Amino acid sequence: MSDPIERDLEDLNTAAPAWVFENIMVGTGLWDEYAVVDGPIEPMYVAWNPRGITTCIPVSVVGSDDAFEESHPRPARPAGHVPAALDRKLARALATGRLGNLPIDLSALGSFQRAVLEKCAEIPPGEIRPYGWIAAAIGNPGAVRAVGTALGRNPVPILIPCHRVVRTDGRIGNYAYGTGMKRELLEAEGLDVTEIEETAGRNVRFVGSETTGVYCYPTCRHGRRISERNRLEFRSADEAERLGYRGCKVCRPIAA
Amino acid sequence: METAVINLASALADDLDTAFPDLVRSRQNQIFGGVMRIVRHHADAADITQETFIRAYRALAGYDNARIEALKLDGWLWTIAINLCRNSARRKNPVPSQLPDQASLEPGPESAAIASAEAATWDTRLARLTATQRSAVVLRHVVGLSYDEISQATGRPAGTVKADVHRGIARLRRILEAEATQ
């Protein structure tokens, strides 16, 4: 084994460059990459892996790259920009207020939180639903508080629109990054938050159309189309049902 | 060494995402070092190393525990790496380069430059072996795989692999003798 050729060959083994390890971690999805993108009201940190977006958080909430990496649940590497294909889908999602074909990686979450967030993603821009609506829609009508907790820990706020979920009494309610930001996000989608709070203050939960006999959440696109003279206000789903109205098949009102 | 290999395979079976970085840390240098001598191009060697581990991860994610625990990790990883080396060669149909790749000449201390020049000289010699002999010689003597592992990686019988290595070394010896008499 003292063959000089074999000894020389052994010496040829060179170490891999340091970035090879990082690229492998990113390529397998064990590490995320992140960049800053423009959001609807301010810049946001967005992190992703090959499965989809994992995190979205306003820059003002985090502060700095270091703080972002520190708070991120997995190692994350700054990428400078979002890869072109993902960036197109992200831009479309931000412009339309709907996920569309934007992949979101919720695989790190439990099945309940995933179900809550997937249901939340169905709420159209410019509309709001109460926490109980999600609880009922995922077949767990008693879990209203748990829905609130799951939404409060939404890793991709704005993209999955937890700002469109409000209190049972119709008031805007809390938001992980402050009620002010929730209000701003809703107004950016064309909602009149003052009017919503005023309607909630009059105990109005649903609106109905005398011509169709259908009742809706006040922000449902069908509810908003009801003309002033055909428009009725209800304090509860029970009240509407008693008067012979049926729930809208689009916004699917639930009894509070 | 043998127990460490068995433990890593069990760790991968037990919790892939936690153990996988250890697999990369413990094997990336031997994969890169070997691939570098086979493809003789720094950026390609880095790409192939990355792709080897990314494919390995995806494969492991689809295997059941028993299959992962039974894996002979080095031979298995090299099966993936050798395949990628072959595909890369087929794609490029390269002429063996007489000069070291620029990217491999990263600035560094004088000793590194000498080591790099030495490696370039050996790359020129290795380029004069057949592709089969070169892979076999590199896997046996640069990487340090056993004949069984090389057999697993290349899909050739262990006896044939042994003959490939011996013929390769004999050819290198003749090349060195020719250099000495020049």
# chains A, B, ... in the order shown; residues from 1 in each chain; ligands from 1
>>> residues_around(residues="stretch 31-48 of chain B", least_positions_apart="4", cutoff="7 Å", atoms="only C-alpha atoms", output="PyMOL selection string")
(chain A and resi 13-16+20) or (chain B and resi 27+52+81+84-85+101+103-104+123+134-135+138-139+142-143)
>>> write_last_selection(atoms="N, CA and C atoms", output="PDB file, in the first residue's frame")
ATOM      1  N   ASN A  13      -7.929  14.357  -2.935  1.00  0.00           N
ATOM      2  CA  ASN A  13      -9.298  14.608  -2.469  1.00  0.00           C
ATOM      3  C   ASN A  13      -9.441  16.040  -1.960  1.00  0.00           C
ATOM      4  N   THR A  14     -10.204  16.858  -2.686  1.00  0.00           N
ATOM      5  CA  THR A  14     -10.387  18.256  -2.297  1.00  0.00           C
ATOM      6  C   THR A  14     -11.758  18.455  -1.659  1.00  0.00           C
ATOM      7  N   ALA A  15     -11.822  19.375  -0.729  1.00  0.00           N
ATOM      8  CA  ALA A  15     -13.081  19.619  -0.008  1.00  0.00           C
ATOM      9  C   ALA A  15     -14.068  20.375  -0.886  1.00  0.00           C
ATOM     10  N   ALA A  16     -15.357  20.128  -0.645  1.00  0.00           N
ATOM     11  CA  ALA A  16     -16.415  20.853  -1.367  1.00  0.00           C
ATOM     12  C   ALA A  16     -16.436  22.311  -0.910  1.00  0.00           C
ATOM     13  N   VAL A  20     -21.785  24.708  -1.213  1.00  0.00           N
ATOM     14  CA  VAL A  20     -22.441  23.477  -1.680  1.00  0.00           C
ATOM     15  C   VAL A  20     -23.428  22.971  -0.620  1.00  0.00           C
TER      16      VAL A  20
ATOM     17  N   ARG B  27     -20.433  13.384   4.009  1.00  0.00           N
ATOM     18  CA  ARG B  27     -20.135  12.786   2.705  1.00  0.00           C
ATOM     19  C   ARG B  27     -19.852  13.804   1.599  1.00  0.00           C
ATOM     20  N   THR B  52     -26.670  15.267  -6.442  1.00  0.00           N
ATOM     21  CA  THR B  52     -26.596  13.935  -5.823  1.00  0.00           C
ATOM     22  C   THR B  52     -27.354  13.919  -4.502  1.00  0.00           C
ATOM     23  N   ALA B  81     -24.302   9.633  -7.864  1.00  0.00           N
ATOM     24  CA  ALA B  81     -23.277  10.564  -8.346  1.00  0.00           C
ATOM     25  C   ALA B  81     -22.682  10.097  -9.674  1.00  0.00           C
ATOM     26  N   LEU B  84     -24.961  10.749 -12.548  1.00  0.00           N
ATOM     27  CA  LEU B  84     -24.961  12.174 -12.914  1.00  0.00           C
ATOM     28  C   LEU B  84     -23.683  12.533 -13.666  1.00  0.00           C
ATOM     29  N   CYS B  85     -22.553  11.934 -13.282  1.00  0.00           N
ATOM     30  CA  CYS B  85     -21.292  12.176 -13.995  1.00  0.00           C
ATOM     31  C   CYS B  85     -21.409  11.693 -15.441  1.00  0.00           C
ATOM     32  N   ASP B 101      -9.272  23.906 -14.826  1.00  0.00           N
ATOM     33  CA  ASP B 101     -10.375  24.857 -14.938  1.00  0.00           C
ATOM     34  C   ASP B 101     -10.077  26.111 -14.124  1.00  0.00           C
ATOM     35  N   ALA B 103     -11.959  28.090 -12.543  1.00  0.00           N
ATOM     36  CA  ALA B 103     -12.687  28.199 -11.273  1.00  0.00           C
ATOM     37  C   ALA B 103     -12.004  27.425 -10.152  1.00  0.00           C
ATOM     38  N   SER B 104     -11.198  26.387 -10.536  1.00  0.00           N
ATOM     39  CA  SER B 104     -10.547  25.610  -9.493  1.00  0.00           C
ATOM     40  C   SER B 104      -9.305  26.329  -8.966  1.00  0.00           C
ATOM     41  N   ASP B 123      -4.914  15.422 -13.116  1.00  0.00           N
ATOM     42  CA  ASP B 123      -6.105  15.408 -13.972  1.00  0.00           C
ATOM     43  C   ASP B 123      -5.730  15.083 -15.411  1.00  0.00           C
ATOM     44  N   ARG B 134     -10.968   5.370 -15.158  1.00  0.00           N
ATOM     45  CA  ARG B 134     -10.793   6.593 -14.368  1.00  0.00           C
ATOM     46  C   ARG B 134     -11.757   6.603 -13.170  1.00  0.00           C
ATOM     47  N   SER B 135     -13.034   6.299 -13.411  1.00  0.00           N
ATOM     48  CA  SER B 135     -13.991   6.259 -12.293  1.00  0.00           C
ATOM     49  C   SER B 135     -13.545   5.237 -11.261  1.00  0.00           C
ATOM     50  N   VAL B 138     -10.446   6.493  -9.343  1.00  0.00           N
ATOM     51  CA  VAL B 138     -10.801   7.624  -8.462  1.00  0.00           C
ATOM     52  C   VAL B 138     -11.588   7.114  -7.255  1.00  0.00           C
ATOM     53  N   LEU B 139     -12.606   6.256  -7.514  1.00  0.00           N
ATOM     54  CA  LEU B 139     -13.437   5.770  -6.400  1.00  0.00           C
ATOM     55  C   LEU B 139     -12.612   4.934  -5.429  1.00  0.00           C
ATOM     56  N   VAL B 142      -8.845   7.779  -4.678  1.00  0.00           N
ATOM     57  CA  VAL B 142      -9.065   9.159  -4.221  1.00  0.00           C
ATOM     58  C   VAL B 142     -10.133   9.156  -3.123  1.00  0.00           C
ATOM     59  N   VAL B 143     -11.254   8.463  -3.399  1.00  0.00           N
ATOM     60  CA  VAL B 143     -12.362   8.460  -2.445  1.00  0.00           C
ATOM     61  C   VAL B 143     -12.151   7.415  -1.349  1.00  0.00           C
TER      62      VAL B 143
END
>>> interface_residues(of="chain A", to="chain B", cutoff="8 Å", atoms="only C-alpha atoms", output="MDAnalysis selection string")
chainID A and resid 5:6 9:17 20:21 23:25 27:28 30
>>> write_last_selection(atoms="N, CA and C atoms", output="short mmCIF file (atom, residue, chain, number, x, y, z; two decimals), in the first residue's frame")
data_model
loop_
_atom_site.label_atom_id
_atom_site.label_comp_id
_atom_site.auth_asym_id
_atom_site.auth_seq_id
_atom_site.Cartn_x
_atom_site.Cartn_y
_atom_site.Cartn_z
N ILE A 5 1.98 6.09 -6.38
CA ILE A 5 0.83 6.54 -7.19
C ILE A 5 -0.42 6.58 -6.34
N GLU A 6 -0.62 5.50 -5.57
CA GLU A 6 -1.82 5.45 -4.73
C GLU A 6 -1.79 6.54 -3.66
N LEU A 9 -2.70 9.81 -5.29
CA LEU A 9 -4.13 9.86 -5.60
C LEU A 9 -4.94 10.19 -4.35
N GLU A 10 -4.53 9.62 -3.21
CA GLU A 10 -5.24 9.92 -1.95
C GLU A 10 -5.21 11.41 -1.65
N ASP A 11 -4.07 12.05 -1.98
CA ASP A 11 -3.91 13.48 -1.67
C ASP A 11 -4.78 14.37 -2.55
N LEU A 12 -5.37 13.79 -3.61
CA LEU A 12 -6.13 14.62 -4.55
C LEU A 12 -7.51 14.99 -4.04
N ASN A 13 -7.93 14.36 -2.94
CA ASN A 13 -9.30 14.61 -2.47
C ASN A 13 -9.44 16.04 -1.96
N THR A 14 -10.20 16.86 -2.69
CA THR A 14 -10.39 18.26 -2.30
C THR A 14 -11.76 18.45 -1.66
N ALA A 15 -11.82 19.37 -0.73
CA ALA A 15 -13.08 19.62 -0.01
C ALA A 15 -14.07 20.37 -0.89
N ALA A 16 -15.36 20.13 -0.64
CA ALA A 16 -16.42 20.85 -1.37
C ALA A 16 -16.44 22.31 -0.91
N PRO A 17 -16.71 23.25 -1.83
CA PRO A 17 -16.86 24.66 -1.41
C PRO A 17 -17.99 24.79 -0.38
N VAL A 20 -21.79 24.71 -1.21
CA VAL A 20 -22.44 23.48 -1.68
C VAL A 20 -23.43 22.97 -0.62
N PHE A 21 -22.99 22.99 0.63
CA PHE A 21 -23.87 22.54 1.73
C PHE A 21 -25.16 23.37 1.76
N ASN A 23 -26.54 25.13 -0.63
CA ASN A 23 -27.37 24.88 -1.80
C ASN A 23 -28.15 23.58 -1.66
N ILE A 24 -27.51 22.58 -1.05
CA ILE A 24 -28.20 21.30 -0.85
C ILE A 24 -29.36 21.49 0.14
N MET A 25 -29.10 22.22 1.21
CA MET A 25 -30.15 22.43 2.21
C MET A 25 -31.33 23.18 1.59
N GLY A 27 -32.00 23.28 -1.71
CA GLY A 27 -32.56 22.44 -2.78
C GLY A 27 -33.48 21.35 -2.25
N THR A 28 -33.20 20.83 -1.06
CA THR A 28 -34.05 19.79 -0.48
C THR A 28 -35.25 20.41 0.23
N LEU A 30 -34.93 21.83 3.17
CA LEU A 30 -34.67 21.82 4.63
C LEU A 30 -34.37 23.24 5.12
#
>>> select_by_dssp(residues="stretch 141-243 of chain A", states="strand (DSSP E or B)", output="list in words")
Pro157, Ile160, Val165, Val166, Phe206, Val207, Gly208, Ser209, Val214, Tyr215, Cys216, Arg231, Leu232, Glu233 and Phe234 of chain A
>>> closest_residue(among="B:Ile80, B:Ala59, B:Val161, B:Ala153", to="B:Thr132", atoms="only C-alpha atoms")
B:Val161
>>> residues_around(residues="A:Val214", least_positions_apart="5", cutoff="7 Å", atoms="only C-alpha atoms", output="tab-separated table (two decimals) with C-alpha atoms, in the first residue's frame")
chain	number	residue	atom	x	y	z
A	208	GLY	CA	-81.63	39.80	2.90
A	209	SER	CA	-83.25	40.51	-0.44
A	245	TYR	CA	-85.35	33.46	3.93
A	246	ARG	CA	-82.68	30.93	2.94
A	247	GLY	CA	-78.90	31.31	3.29
A	248	CYS	CA	-76.84	32.46	0.30
>>> residues_around(residues="A:Arg164", least_positions_apart="5", cutoff="7 Å", atoms="only C-alpha atoms", output="compact mmCIF listing (two decimals) with N, CA and C atoms, in the first residue's frame")
# COMPACT_ATOMS: atom_id res chain seq x y z
N GLU A 127 -64.35 40.99 1.32
CA GLU A 127 -65.43 40.40 2.10
C GLU A 127 -64.87 39.93 3.44
N ILE A 128 -65.75 39.86 4.44
CA ILE A 128 -65.32 39.37 5.75
C ILE A 128 -66.28 38.30 6.25
N ARG A 129 -65.76 37.40 7.10
CA ARG A 129 -66.54 36.33 7.71
C ARG A 129 -66.17 36.25 9.19
>>> atom_distance(atom1="atom CA of A:Arg92", atom2="atom CA of A:Leu159")
10.8 Å
>>> atom_distance(atom1="atom CA of A:Pro253", atom2="atom CA of A:Val193")
20.2 Å
>>> closest_residue(among="A:Cys216, A:Leu151, A:Ala47, A:Ala176", to="A:Arg74", atoms="only C-alpha atoms")
A:Ala47
>>> select_by_dssp(residues="stretch 6-241 of chain A", states="alpha helix (DSSP H)", output="PyMOL selection string")
chain A and resi 6-10+18-28+59-62+65-71+84-96+111-120+131-137+144-152+179-188+193-201+221-225+237-241
>>> residues_around(residues="A:Asp105", least_positions_apart="5", cutoff="7 Å", atoms="only C-alpha atoms", output="MDAnalysis selection string")
chainID A and resid 51:54
>>> atom_distance(atom1="atom CA of A:Tyr45", atom2="atom CA of A:Asp87")
13.1 Å
>>> residues_around(residues="A:Arg242", least_positions_apart="6", cutoff="12 Å", atoms="only C-alpha atoms", output="PyMOL selection string")
chain A and resi 213+215+234-236
>>> closest_residue(among="A:Pro4, A:Gly201, A:Gly178, A:Pro50", to="A:Val26", atoms="only C-alpha atoms")
A:Pro50
